[in-house]
Amino acid sequence: MRFRGLFTVSIGKLKRFSLSQPMNLTPTFFRDEGKPVEKLQALICYSSFSTNGDLKKGYEKMMLAKDLACLVEESSHKDERKVKSRMELKRSIELRIKKRVKEQFIDGKFRNLMVNVIAIPVTLQDAYNCIKLNSNVDISVKDDSICFISLAKELLDGSFDVGGDTVSFSTRGVAKEVLILPNLKMIIVQEAIRMVLEVVYRPHFSKISHGCRSGRGHLTALRYIKKEVSSPRWWFPLILNKKVDANIIAKLISKLEEKIEDDQLYVIIRSMFDAQVLNFEFGGFPKGHGLPQEGVLSPMLMNVYLDFFDQEFYRLSMRYEALHQGDDKDEDKSHSKLRNWFRRQLKENDLKCTTNGNSGPRVYCCRFMDEIFFVVSGSKDIALSFKSEIVDFLKNSLRLDVDDKQTEVLPCDGSKGSRFLGALVKRRVQEGPATSAVHKLKEKVRLFASQKQDAWNVGCVRIGNKWLAHGLKKVKESEIKHLADSGSTLSKVSCFRKAGMETDHWYKVLMKVWMQDIKAKAAENKEYILSKYVAEPALPHELKESYYEFVKCADEYVSSVTATTLALLPNSSSNTGSVTLTEILAPTDAIKKRLFRYGLTTSEGYPRAVSLLVLQDSIQIIDWFSGIVRRWLRWYQDYDNFNEVKLLISSLLRKSCVRTLATKYRIHESEVEKRFDSELCRIPSIEEVEQELTYETSYSHPFENDEALMYGISYSGLCLLSLARMVSQSRPCNCFVLGCLVAAPSVYTLHVMERQKFPGWKTGFTSCIHPSLNKRRIGLCKKHLKDLYLGHISLQSIDFGAWKKNEPGKCCTNGKEWEEYYRSFELIYDELFANMEGRNRRLSSISRLGSLKGVIENCSWLLQLPHRTGDL
C-alpha cells in the first residue's frame, strides 16, 4: 500500500495505526478536526489510494495552493509580530489623531477641536506617548504620574493653570535673561495642539518651506538652491529678528481662524503667550537643533505665521515673472508667460517646463523656518526692487524686524558667495573636456619645469657650498705660516689684520667686503647668494642660455590664454563649452573654531584632551566622540567639500578621544590604542560612515529620516556634559528625561561653550543654548546619557525643572520621609561641627568636611540655617 498524499491527517491520529493494517478512512475519522463531511469525502477520493493519475495531479495542485496559502498566512503573522521602530509608532499615533481631526471638518472648517480632539484623554495619552518616543522611552511601560482624565477636565472647564505649570530660569548678574520652560503637563498639551495643527496645515504649506515638514529639511533646501535654480544672477538672504508681541499673536490667531473655528483653542494659546512659555522668537538662535528654548509648539506656529510670506512671495513672483513688461510688450507673449508660470508652479519648478531662451526675469525663494534665501535671474534693478517689496511686506504687514543693511544684493558670479543655513553658496565654472585637457597639460608642463628648476637650484647651491668650504679652508691655512702661500691674495690681505683678531671674525669681515662688492646685501638667504653670485657666473655660457630659454618657454605656455591654446586643437568648437554650477560649501574655518572653543584642539589646531570629560567612564567618552562624528557627517553629507570635512574629522576627533583616555588613566597613547582597541571601533571610520549614509538613503524606512518626526533630533547639537557628583541617598532622583522612571545614578553639569549670534554658522554643535541653563545639573540614567551623546534624543527631552520637583519640601507628603530627612540633616550637621572643636584637628578633617559640604548645601534649607561651611 502506497502512502503519499494523505498528510492532512494529524500525526497524532496516524500514530494510532499500523502501516501494515488497513485504515478505515471514514468521515467519522475526521470529525474531531472540525471539517465538513462532504469535503472530507472528496479529499478521500483524491487521496493516493486512488489509482487515477488525473485525480492525483489535481490533488497535488490543491495541496500546493494550500501550502502557499499557509505560507502567506505565516508571513502575515510574522509582520504582525515584527517590532516597530519608534518613528513608525509615532506615525501610527499621528494617523489616529488625523482621523479624529478629519471628523471635525464641517462646512469648510475644522470646528471644536479643543472639545472633541485635544481635550480628550485618548489624545492626551497619544501626545504623551509621542513625547516618550522622542525621549526614546518604551511606551508600553505604564506611567501613573499623570491623570489624563483630570487633565482633560481641566482643559474643558478652563481651570488649567498655564502659569502654574511652568518653571523659570534666569542668568546671574544685573542684566538677567529669563527663560520659562513648560513642565510635563504643559508639554503634553502643547504636543497635542501641535499634532492637531500639523494635520490641518500640512497639506496647505508652500513648497518653498523646508523646516519641520515631512520629506523636507535643511538638505532639501540646499538641494533646491543647488539643482533647481536656473541661471541665477543675484542672490541675498534676509535676517528676521523679533520677539513675539501682541500684534504678532493677533495676526497669528487671524491666520488660524481661516481654517479652524475654536475659541477655546485660541484662549489657551493666548494664555501660553501671556505666560511666556511658547518661546516663540524670530531670530536669536538657529532652529532645528533640539534646543530647550525652541519649544514644542513654536516651530509649527512659526510655519503657520510665515505662510503669509509664502503667499505674498507667489503673488510677487507671478507679477515679476508672468506679468513683467520687458522690451517686448506683445500681449500674446505676456499671456504665454502667465501660462508657463502656472505650469512651473504645478510641476514644482521643473526645469523641463522652462521656455527656450531668456523669456524674462525669474525669482526663487527657499525658507527654512525663519531663515530666507532669495535668488533673482534678471537685472540688478529687478533684484533691488524685489528685495524692497519683500522687506516692506515683512516690516509693515508681518510686523517683523528685518536687518536688510547687512544682507546686500550680491552677484552670483562673485568670489564671496552668500551664507544660508550655515553653508557658503557659491558659483563655480565647470570646464568642458577640451578646456580641462588643456589645463591638465599646462599643469604637467608647470610641474616638469618646476622640477627642473629645483634641480638647477640644488646643483648651484652644491657648487656654492663647495666654494665656500674651499674659502674657509684657505682662511684656516692662513693661520699656519709654514703652510700658507705667501704669493696668494689671501696672504696679502691677511697682513692688514689687526693683532688678536680671531679667524671667524676675520672671515666675516672678508665676506662682508665681498658682498658689498657684488651688491648682494638685499639677498633673501645664503643659498641664493651662493647660487646666483658664485655658482652661476662660473658655469658655461651655453648651459645657462639653454636653461633660461627652457624656463621662458615653459612660463609662456603656462601663462598663455586658454582660448588661444584651444584654437590650435582639432574640432575644439564642439567640446569646449563650460557650465556654471552652484556649490554648497561647509565652513571648515568655523568648524575649526568650534573645535578650539570646545577644547578639542589647541590654538594651533592640534588635537588635545577634553578635560570636562575625564571624570566619565571610558565608554561614555567614546560615545560622546562617536556622536559628534556621526552628526557631523550626517549634516554635511551633501556638501561639495564633504571630503575635506571627513579628513578634518578623521585627523582630529579620534586623536582627541585617545588623548582624553590617556589623560584619564595617565598612560601613553599607544597603550590606550591597545587597551581600548575594540571600544575605539565605536568611533566610525570614514568608510563605515559612508556605508551607513548609503544604507540610510537606500534601505532605511522613510519614517526614520522624516524631518517632521525627527525635528531637532537627527542633527541635535551637544554641549559638553561633565560628571558633577554621584546622587546621594539623602536626595535621590530619577532620570530627568521626560517619561523615564529609571533612577539616575549620576548628575551631570551642562556647559554652554559660547553665546552664538544669529545667523551663525551651523557646524553640528549647539553652542547657542540659553545662558540661563549654563552649569545646570541634570540627572541622567546610563541609557539616556548614551542616547544624548549619540544623538538619539535632544535636549528638548530633558525636564530641567526636575530638581525642584525632587526637593523634599515639595515632593514628600509622608511624615516619615520628612522625619528621615530631618534626622539625616541633624546627624551630618552635628558631625560636621564636632570636627571643628580644636584648631589642631581642622586640617586632619578637611577632606572629610569637603565631602560633606555639598550635602550641607542641599539640606540647609530644612531649618533655614545659614551656610556655615565658609568657616571651614
# chains A, B, ... in the order shown; residues from 1 in each chain; ligands from 1
call {"tool": "residues_around", "arguments": {"residues": "range 525-534 of chain A", "least_positions_apart": "5", "cutoff": "6 Å", "atoms": "only C-alpha atoms", "output": "list of chain:residue names"}}
result
A:Cys460, A:Val461, A:Gly464
call {"tool": "residues_around", "arguments": {"residues": "Asn303 in chain A", "least_positions_apart": "2", "cutoff": "10 Å", "atoms": "only C-alpha atoms", "output": "PyMOL selection string"}}
result
chain A and resi 201-202+205-206+209-213+298-301+305-310+367-370
call {"tool": "residues_around", "arguments": {"residues": "Ile621 in chain A", "least_positions_apart": "2", "cutoff": "12 Å", "atoms": "only C-alpha atoms", "output": "PyMOL selection string"}}
result
chain A and resi 609-619+623-628+653-654+656-664+676+679-680+682-683+720-723+785-786+789-790
call {"tool": "atom_distance", "arguments": {"atom1": "CA of Lys552 in chain A", "atom2": "CA of Gln453 in chain A"}}
result
11.5 Å
call {"tool": "closest_residue", "arguments": {"among": "A:Gly360, A:Ser772, A:Phe373, A:Arg666", "to": "Tyr224 in chain A", "atoms": "only C-alpha atoms"}}
result
A:Phe373
call {"tool": "closest_residue", "arguments": {"among": "A:Val551, A:Ala423, A:Ile239, A:Val579", "to": "Ser450 in chain A", "atoms": "only C-alpha atoms"}}
result
A:Val551
call {"tool": "residues_around", "arguments": {"residues": "Gly290 in chain A", "least_positions_apart": "4", "cutoff": "9 Å", "atoms": "only C-alpha atoms", "output": "list in words"}}
result
Glu294, Gly295, Tyr711, Gly712, Ile713, Ser714, Tyr715, Ser716, Gly717, Thr766, Ile793, Ser794, Leu795, Gln796 and Ser797 of chain A
call {"tool": "write_last_selection", "arguments": {"atoms": "N, CA and C atoms", "output": "short mmCIF file (atom, residue, chain, number, x, y, z; two decimals), in the first residue's frame"}}
result
data_model
loop_
_atom_site.label_atom_id
_atom_site.label_comp_id
_atom_site.auth_asym_id
_atom_site.auth_seq_id
_atom_site.Cartn_x
_atom_site.Cartn_y
_atom_site.Cartn_z
N GLU A 294 13.57 76.38 22.14
CA GLU A 294 12.76 76.41 20.92
C GLU A 294 11.34 75.95 21.18
N GLY A 295 11.14 75.06 22.12
CA GLY A 295 9.80 74.63 22.45
C GLY A 295 9.27 73.58 21.49
N TYR A 711 12.36 66.11 13.99
CA TYR A 711 12.78 67.51 14.06
C TYR A 711 13.53 67.77 15.36
N GLY A 712 14.76 68.28 15.22
CA GLY A 712 15.56 68.59 16.39
C GLY A 712 16.27 67.41 17.00
N ILE A 713 16.15 66.21 16.41
CA ILE A 713 16.78 65.01 16.99
C ILE A 713 17.93 64.54 16.11
N SER A 714 17.71 64.43 14.81
CA SER A 714 18.74 63.88 13.93
C SER A 714 20.01 64.70 13.95
N TYR A 715 19.89 66.03 14.00
CA TYR A 715 21.06 66.89 13.96
C TYR A 715 21.22 67.67 15.27
N SER A 716 20.76 67.07 16.36
CA SER A 716 20.83 67.79 17.63
C SER A 716 22.27 68.02 18.03
N GLY A 717 22.57 69.24 18.35
CA GLY A 717 23.91 69.57 18.80
C GLY A 717 24.13 69.11 20.23
N THR A 766 25.62 72.66 19.02
CA THR A 766 24.64 73.61 19.51
C THR A 766 25.31 74.42 20.62
N ILE A 793 18.36 61.37 21.15
CA ILE A 793 17.42 62.31 21.77
C ILE A 793 18.06 63.68 21.75
N SER A 794 17.26 64.69 22.00
CA SER A 794 17.76 66.06 22.04
C SER A 794 17.57 66.63 23.44
N LEU A 795 18.07 67.83 23.64
CA LEU A 795 17.94 68.48 24.94
C LEU A 795 16.51 68.90 25.23
N GLN A 796 15.62 68.87 24.22
CA GLN A 796 14.21 69.15 24.48
C GLN A 796 13.55 68.04 25.28
N SER A 797 14.17 66.87 25.32
CA SER A 797 13.58 65.74 26.06
C SER A 797 13.92 65.78 27.54
#
call {"tool": "closest_residue", "arguments": {"among": "A:Ala246, A:Ile188, A:Met114, A:Leu468", "to": "Cys147 in chain A", "atoms": "only C-alpha atoms"}}
result
A:Ile188
